[in-house]
file protein.tsv (TSV, C-alpha atoms and all ligand atoms)
chain	number	residue	atom	x	y	z
M	22	MET	CA	243.23	92.16	89.45
M	23	GLU	CA	243.99	89.66	86.68
M	24	CYS	CA	246.22	91.06	83.94
M	25	LEU	CA	246.05	89.61	80.44
M	26	LYS	CA	249.04	90.03	78.19
M	27	ILE	CA	248.06	90.28	74.55
M	28	GLY	CA	250.65	90.41	71.77
M	29	ILE	CA	250.01	91.85	68.33
M	30	LEU	CA	252.27	90.67	65.52
M	31	GLU	CA	253.52	93.97	64.22
M	32	VAL	CA	254.61	93.48	60.66
M	33	GLN	CA	252.18	95.63	58.70
M	34	GLY	CA	249.63	98.24	59.83
M	35	ALA	CA	246.53	97.74	61.99
M	36	PHE	CA	248.50	97.49	65.26
M	37	LEU	CA	246.98	100.67	66.66
M	38	GLU	CA	243.46	99.84	65.49
M	39	HIS	CA	243.60	96.43	67.20
M	40	LYS	CA	245.10	97.99	70.31
M	41	ASN	CA	242.35	100.64	70.56
M	42	ALA	CA	239.65	98.05	69.95
M	43	LEU	CA	241.07	95.78	72.67
M	44	VAL	CA	241.06	98.65	75.17
M	45	LYS	CA	237.47	99.58	74.26
M	46	ALA	CA	236.36	95.93	74.42
M	47	ARG	CA	237.98	95.51	77.85
M	48	ASP	CA	235.89	98.44	79.11
M	49	ASN	CA	232.72	96.66	77.89
M	50	ILE	CA	233.56	93.48	79.79
M	51	LYS	CA	232.21	93.54	83.30
M	52	LEU	CA	234.98	91.36	84.70
M	53	PRO	CA	237.85	93.05	86.56
M	54	VAL	CA	240.69	92.43	84.12
M	55	GLN	CA	243.55	94.59	83.00
M	56	ILE	CA	245.11	94.25	79.59
M	57	GLU	CA	248.69	94.85	78.64
M	58	ILE	CA	249.29	95.02	74.90
M	59	LEU	CA	252.71	94.21	73.51
M	60	GLU	CA	254.29	94.29	70.07
M	61	VAL	CA	255.57	91.01	68.68
M	62	ARG	CA	258.34	91.41	66.10
M	63	HIS	CA	261.03	89.05	67.31
M	64	PRO	CA	261.17	85.46	68.62
M	65	SER	CA	262.18	86.77	72.07
M	66	HIS	CA	258.86	88.64	72.30
M	67	LEU	CA	257.11	85.27	72.41
M	68	ASN	CA	258.70	84.50	75.75
M	69	SER	CA	257.15	87.35	77.66
M	70	CYS	CA	254.29	85.33	79.22
M	71	LEU	CA	251.77	86.34	76.57
M	72	ASP	CA	248.28	84.89	77.02
M	73	GLY	CA	246.94	85.78	73.60
M	74	MET	CA	248.03	87.09	70.23
M	75	ILE	CA	246.51	88.79	67.20
M	76	ILE	CA	247.96	88.26	63.73
M	77	PRO	CA	246.61	91.28	61.82
M	78	GLY	CA	245.86	91.64	58.13
M	79	GLY	CA	248.23	92.91	55.49
M	80	GLU	CA	249.77	90.79	52.77
M	81	SER	CA	250.19	87.15	53.72
M	82	THR	CA	253.25	86.75	51.49
M	83	ALA	CA	254.98	89.73	53.16
M	84	ILE	CA	254.07	88.42	56.61
M	85	SER	CA	255.41	84.93	55.76
M	86	LEU	CA	258.62	86.46	54.46
M	87	PHE	CA	259.00	88.58	57.60
M	88	LEU	CA	258.50	85.50	59.80
M	89	LYS	CA	261.05	83.53	57.80
M	90	ARG	CA	263.68	86.30	57.77
M	91	ASN	CA	263.32	86.82	61.52
M	92	ASN	CA	263.47	83.10	62.34
M	93	MET	CA	259.98	83.28	63.76
M	94	VAL	CA	258.20	80.50	61.86
M	95	GLU	CA	258.92	77.62	64.26
M	96	PRO	CA	258.81	79.68	67.50
M	97	LEU	CA	255.47	81.21	66.47
M	98	ARG	CA	254.00	77.86	65.40
M	99	GLY	CA	255.06	76.33	68.74
M	100	TRP	CA	253.63	79.28	70.65
M	101	ILE	CA	250.26	79.05	68.88
M	102	GLN	CA	250.05	75.28	69.40
M	103	ASP	CA	250.62	75.65	73.14
M	104	LYS	CA	247.21	75.25	74.81
M	105	LYS	CA	248.05	78.06	77.24
M	106	HIS	CA	247.65	80.56	74.41
M	107	VAL	CA	244.77	81.95	72.34
M	108	THR	CA	245.45	83.25	68.83
M	109	TRP	CA	243.32	85.29	66.44
M	110	GLY	CA	244.26	85.86	62.79
M	111	THR	CA	242.46	88.54	60.77
M	112	CYS	CA	242.39	88.44	56.95
M	113	ALA	CA	246.01	87.72	55.94
M	114	GLY	CA	246.26	86.20	59.44
M	115	MET	CA	243.58	83.68	58.41
M	116	ILE	CA	245.70	82.70	55.40
M	117	ILE	CA	248.87	82.37	57.48
M	118	LEU	CA	247.11	80.02	59.93
M	119	ALA	CA	245.58	77.72	57.26
M	120	LYS	CA	246.80	74.22	56.42
M	121	GLN	CA	245.83	74.58	52.77
M	122	THR	CA	245.60	77.68	50.58
M	123	GLU	CA	244.22	78.30	47.10
M	124	ASN	CA	245.14	81.16	44.76
M	125	GLN	CA	248.63	81.31	46.16
M	126	LYS	CA	251.19	83.73	44.82
M	127	ASN	CA	253.30	82.25	41.98
M	128	GLY	CA	255.84	79.87	43.43
M	129	GLY	CA	253.61	79.06	46.40
M	130	GLN	CA	253.61	80.61	49.81
M	131	PRO	CA	254.38	78.96	53.12
M	132	THR	CA	251.83	79.14	55.93
M	133	LEU	CA	252.00	78.10	59.58
M	134	GLY	CA	249.60	75.24	58.75
M	135	ILE	CA	247.76	75.24	62.06
M	136	MET	CA	244.05	75.32	61.27
M	137	ASP	CA	242.33	72.49	59.39
M	138	THR	CA	241.07	74.92	56.79
M	139	ASP	CA	241.36	75.36	53.05
M	140	VAL	CA	241.49	79.12	52.55
M	141	SER	CA	241.21	80.89	49.22
M	142	ARG	CA	243.17	84.15	48.94
M	143	ASN	CA	241.30	87.07	47.38
M	144	PHE	CA	238.19	84.87	47.31
M	145	PHE	CA	235.88	87.78	46.53
M	146	GLY	CA	237.95	88.85	43.52
M	147	ARG	CA	240.68	91.38	43.09
M	148	GLN	CA	238.54	93.81	41.16
M	149	VAL	CA	236.21	94.16	44.11
M	150	ASN	CA	239.16	94.84	46.38
M	151	SER	CA	237.10	96.05	49.23
M	152	PHE	CA	233.46	95.95	50.30
M	153	GLU	CA	231.41	96.10	53.45
M	154	ALA	CA	228.59	93.70	54.27
M	155	GLU	CA	226.58	92.23	57.11
M	156	VAL	CA	228.06	89.04	58.52
M	157	ASN	CA	225.88	86.32	60.09
M	158	LEU	CA	227.14	85.26	63.51
M	159	SER	CA	226.84	81.61	64.53
M	160	GLU	CA	225.41	80.43	67.83
M	161	ILE	CA	228.89	79.55	69.03
M	162	PHE	CA	229.71	83.24	68.77
M	163	THR	CA	226.46	84.61	70.26
M	164	ASN	CA	226.56	82.13	73.15
M	165	LEU	CA	229.79	83.72	74.33
M	166	CYS	CA	228.93	87.27	73.22
M	167	PRO	CA	225.13	87.59	73.46
M	168	GLY	CA	223.52	90.34	71.42
M	169	ASP	CA	223.03	90.99	67.72
M	170	LYS	CA	223.10	88.01	65.38
M	171	VAL	CA	224.91	90.03	62.71
M	172	CYS	CA	227.88	92.35	62.60
M	173	HIS	CA	229.29	94.74	60.07
M	174	GLY	CA	232.22	93.27	58.15
M	175	VAL	CA	234.95	95.18	56.32
M	176	PHE	CA	236.44	92.96	53.60
M	177	ILE	CA	239.71	94.08	52.00
M	178	ARG	CA	240.96	91.67	49.32
M	179	ALA	CA	239.61	89.16	51.74
M	180	PRO	CA	240.03	85.40	51.84
M	181	ALA	CA	237.31	82.88	52.68
M	182	VAL	CA	237.31	79.36	54.06
M	183	ILE	CA	236.24	77.25	51.10
M	184	GLN	CA	236.47	73.96	52.98
M	185	THR	CA	236.92	72.77	56.53
M	186	LEU	CA	239.34	69.84	56.60
M	187	SER	CA	238.25	68.32	59.91
M	188	PRO	CA	235.26	68.37	62.25
M	189	ASN	CA	237.43	70.25	64.75
M	190	VAL	CA	236.85	73.48	62.85
M	191	GLU	CA	233.78	75.39	64.00
M	192	VAL	CA	232.13	78.16	62.03
M	193	LEU	CA	231.85	81.47	63.87
M	194	ALA	CA	230.41	83.55	61.03
M	195	SER	CA	229.30	83.40	57.42
M	196	LEU	CA	228.39	85.83	54.70
M	197	THR	CA	225.56	85.50	52.21
M	198	TRP	CA	227.59	86.27	49.07
M	199	LYS	CA	225.58	88.50	46.77
M	200	ASP	CA	226.98	86.98	43.55
M	201	THR	CA	225.82	83.43	44.29
M	202	SER	CA	223.51	83.76	47.35
M	203	GLU	CA	225.66	81.05	48.94
M	204	GLU	CA	226.77	81.12	52.56
M	205	VAL	CA	230.51	81.66	52.57
M	206	ILE	CA	232.47	80.86	55.75
M	207	VAL	CA	234.27	84.00	56.92
M	208	ALA	CA	235.18	83.20	60.54
M	209	VAL	CA	236.23	79.95	62.22
M	210	GLN	CA	237.74	78.56	65.37
M	211	GLN	CA	239.64	75.41	66.19
M	212	ASP	CA	240.70	74.76	69.76
M	213	ASN	CA	242.46	77.93	70.89
M	214	VAL	CA	242.85	79.47	67.48
M	215	MET	CA	240.34	81.69	65.66
M	216	ALA	CA	240.38	83.50	62.34
M	217	THR	CA	238.25	86.12	60.60
M	218	ALA	CA	238.40	86.97	56.89
M	219	PHE	CA	237.27	90.54	57.62
M	220	HIS	CA	238.67	93.38	59.73
M	221	PRO	CA	236.69	93.98	62.96
M	222	GLU	CA	239.38	96.46	64.09
M	223	LEU	CA	238.21	98.85	61.35
M	224	THR	CA	234.69	99.26	62.75
M	225	GLU	CA	233.38	100.91	65.92
M	226	ASP	CA	231.84	97.60	66.99
M	227	VAL	CA	234.28	95.76	69.24
M	228	LYS	CA	232.31	92.54	69.78
M	229	TRP	CA	235.00	90.41	68.08
M	230	HIS	CA	237.67	91.84	70.35
M	231	GLN	CA	235.34	91.16	73.25
M	232	PHE	CA	234.89	87.56	72.05
M	233	PHE	CA	238.67	87.17	71.84
M	234	ILE	CA	239.25	88.61	75.33
M	235	GLU	CA	236.51	86.36	76.75
M	236	ARG	CA	238.29	83.38	75.20
M	237	VAL	CA	241.62	84.42	76.69
M	238	ILE	CA	239.99	84.88	80.13
M	239	ARG	CA	238.27	81.48	79.94
M	240	ASN	CA	241.44	79.78	78.80
M	241	LYS	CA	243.38	81.21	81.74
M	242	ALA	CA	240.61	80.23	84.16
M	243	LEU	CA	240.56	76.66	82.81
M	244	LEU	CA	244.31	76.44	83.18
M	245	HIS	CA	244.05	77.59	86.81
M	246	CYS	CA	241.43	74.88	87.45
M	247	SER	CA	243.43	72.12	85.80
M	248	THR	CA	246.60	72.97	87.73
M	249	LYS	CA	244.85	73.02	91.11
M	301	LIG	N1	244.72	89.31	50.08
M	301	LIG	C1	245.68	89.53	51.12
M	301	LIG	C2	246.68	88.37	51.16
M	301	LIG	O1	246.73	87.56	50.34
M	301	LIG	C3	245.04	89.71	52.47
M	301	LIG	C4	244.37	91.06	52.57
M	301	LIG	C5	244.20	91.59	53.96
M	301	LIG	O2	244.80	91.13	54.94
M	301	LIG	N2	243.44	92.65	54.06
M	301	LIG	O3	247.46	88.28	52.05
call {"tool": "encode", "arguments": {"input": "protein.tsv", "output": "structure tokens"}}
result
Amino acid sequence: MECLKIGILEVQGAFLEHKNALVKARDNIKLPVQIEILEVRHPSHLNSCLDGMIIPGGESTAISLFLKRNNMVEPLRGWIQDKKHVTWGTCAGMIILAKQTENQKNGGQPTLGIMDTDVSRNFFGRQVNSFEAEVNLSEIFTNLCPGDKVCHGVFIRAPAVIQTLSPNVEVLASLTWKDTSEEVIVAVQQDNVMATAFHPELTEDVKWHQFFIERVIRNKALLHCSTK
């Protein structure tokens, strides 16, 4: 049976929630795959044949600082850019992956600069802090994970993609923002990297984890084909 190795960057919280959701999502997938979930806290953890990685939410400035202090910025960037790997950033993870960020902390904040996105921190306002809303899923998402066209989104001081900087970025989900009735981009993918502004690990619905696992499986299968 195929075994997928998924790393979770373990700097702040949400490790267990992502882990539980991955296990539950694996059970929903009909394919015979096993999943091994590993903590990533050190550059050496990136060498353990990981197939995929989740960068959870938290505080993007704290995560950047952690990466810098632990000499992980370049190793992690290289790992993510390697086509053998699939990466998913949630909330602060979306900020860390962006090429451009708005509303940065004073003095600026470094990001990994991988996705061609312009991401605004705390887009929905600090005072709101946290809200829950229905998210509209794009066809790209429902083609891989058929089912509902919406999902429940938990937004905690969430960012949003205010601009895509190249046609390589595809929208996976948007939110009809109640203040302006505009469609705000809240999930994107570019090549093997995806990002959500909300926290799917905090709901019972594991379709985003399923989507991620499907992508990891497909990526591995494609690699097998291209090396044959
Ligand atoms: N607003 C936070 C930041 O700037 C992200 C919040 C989250 O990950 N829930 O990093």
call {"tool": "residues_near_ligand", "arguments": {"input": "protein.tsv", "ligand": "ligand LIG 301 (chain M)", "cutoff": "7 Å", "atoms": "all atoms listed in the file", "output": "PDB file with C-alpha atoms, keeping the file's coordinate frame"}}
result
ATOM      1  CA  GLY M  78     245.860  91.640  58.130  1.00  0.00           C
ATOM      2  CA  GLY M  79     248.230  92.910  55.490  1.00  0.00           C
ATOM      3  CA  GLU M  80     249.770  90.790  52.770  1.00  0.00           C
ATOM      4  CA  SER M  81     250.190  87.150  53.720  1.00  0.00           C
ATOM      5  CA  THR M  82     253.250  86.750  51.490  1.00  0.00           C
ATOM      6  CA  THR M 111     242.460  88.540  60.770  1.00  0.00           C
ATOM      7  CA  CYS M 112     242.390  88.440  56.950  1.00  0.00           C
ATOM      8  CA  ALA M 113     246.010  87.720  55.940  1.00  0.00           C
ATOM      9  CA  GLY M 114     246.260  86.200  59.440  1.00  0.00           C
ATOM     10  CA  ILE M 116     245.700  82.700  55.400  1.00  0.00           C
ATOM     11  CA  ARG M 142     243.170  84.150  48.940  1.00  0.00           C
ATOM     12  CA  ASN M 143     241.300  87.070  47.380  1.00  0.00           C
ATOM     13  CA  ILE M 177     239.710  94.080  52.000  1.00  0.00           C
ATOM     14  CA  ARG M 178     240.960  91.670  49.320  1.00  0.00           C
ATOM     15  CA  ALA M 179     239.610  89.160  51.740  1.00  0.00           C
ATOM     16  CA  PRO M 180     240.030  85.400  51.840  1.00  0.00           C
TER      17      PRO M 180
END
call {"tool": "closest_residue", "arguments": {"input": "protein.tsv", "among": "M:Glu191, M:Asp200, M:Glu155, M:Glu235", "to": "M:Met215", "atoms": "all atoms listed in the file"}}
result
M:Glu191
call {"tool": "atom_distance", "arguments": {"input": "protein.tsv", "atom1": "atom CA of M:Pro131", "atom2": "atom CA of M:His39"}}
result
24.9 Å
call {"tool": "closest_residue", "arguments": {"input": "protein.tsv", "among": "M:Leu37, M:Ile161, M:Asn68, M:Arg62", "to": "M:Gly99", "atoms": "all atoms listed in the file"}}
result
M:Asn68
call {"tool": "closest_residue", "arguments": {"input": "protein.tsv", "among": "M:Asp72, M:Glu160, M:Glu31, M:Asp137", "to": "M:Ile234", "atoms": "all atoms listed in the file"}}
result
M:Asp72
call {"tool": "residues_near_point", "arguments": {"input": "protein.tsv", "point": "(231.2, 95.1, 66.3)", "cutoff": "10 Å", "atoms": "all atoms listed in the file", "output": "PyMOL selection string"}}
result
chain M and resi 42+46+169+171-174+221-231
call {"tool": "write_last_selection", "arguments": {"input": "protein.tsv", "atoms": "C-alpha atoms", "output": "PDB file, in the frame of the given file"}}
result
ATOM      1  CA  ALA M  42     239.650  98.050  69.950  1.00  0.00           C
ATOM      2  CA  ALA M  46     236.360  95.930  74.420  1.00  0.00           C
ATOM      3  CA  ASP M 169     223.030  90.990  67.720  1.00  0.00           C
ATOM      4  CA  VAL M 171     224.910  90.030  62.710  1.00  0.00           C
ATOM      5  CA  CYS M 172     227.880  92.350  62.600  1.00  0.00           C
ATOM      6  CA  HIS M 173     229.290  94.740  60.070  1.00  0.00           C
ATOM      7  CA  GLY M 174     232.220  93.270  58.150  1.00  0.00           C
ATOM      8  CA  PRO M 221     236.690  93.980  62.960  1.00  0.00           C
ATOM      9  CA  GLU M 222     239.380  96.460  64.090  1.00  0.00           C
ATOM     10  CA  LEU M 223     238.210  98.850  61.350  1.00  0.00           C
ATOM     11  CA  THR M 224     234.690  99.260  62.750  1.00  0.00           C
ATOM     12  CA  GLU M 225     233.380 100.910  65.920  1.00  0.00           C
ATOM     13  CA  ASP M 226     231.840  97.600  66.990  1.00  0.00           C
ATOM     14  CA  VAL M 227     234.280  95.760  69.240  1.00  0.00           C
ATOM     15  CA  LYS M 228     232.310  92.540  69.780  1.00  0.00           C
ATOM     16  CA  TRP M 229     235.000  90.410  68.080  1.00  0.00           C
ATOM     17  CA  HIS M 230     237.670  91.840  70.350  1.00  0.00           C
ATOM     18  CA  GLN M 231     235.340  91.160  73.250  1.00  0.00           C
TER      19      GLN M 231
END
call {"tool": "atom_distance", "arguments": {"input": "protein.tsv", "atom1": "atom CA of M:Gln184", "atom2": "atom CA of M:Ile27"}}
result
29.4 Å
call {"tool": "closest_residue", "arguments": {"input": "protein.tsv", "among": "M:Thr132, M:Ser151, M:Thr108, M:Gln121", "to": "M:Thr217", "atoms": "only C-alpha atoms"}}
result
M:Thr108
call {"tool": "closest_residue", "arguments": {"input": "protein.tsv", "among": "M:Ala194, M:Leu133, M:Leu67, M:Asn189", "to": "M:Val209", "atoms": "all atoms listed in the file"}}
result
M:Ala194
call {"tool": "closest_residue", "arguments": {"input": "protein.tsv", "among": "M:Leu52, M:Leu43, M:Trp109, M:Phe232", "to": "M:Pro167", "atoms": "all atoms listed in the file"}}
result
M:Phe232
call {"tool": "atom_distance", "arguments": {"input": "protein.tsv", "atom1": "atom CA of M:Val182", "atom2": "atom CA of M:Ile206"}}
result
5.3 Å
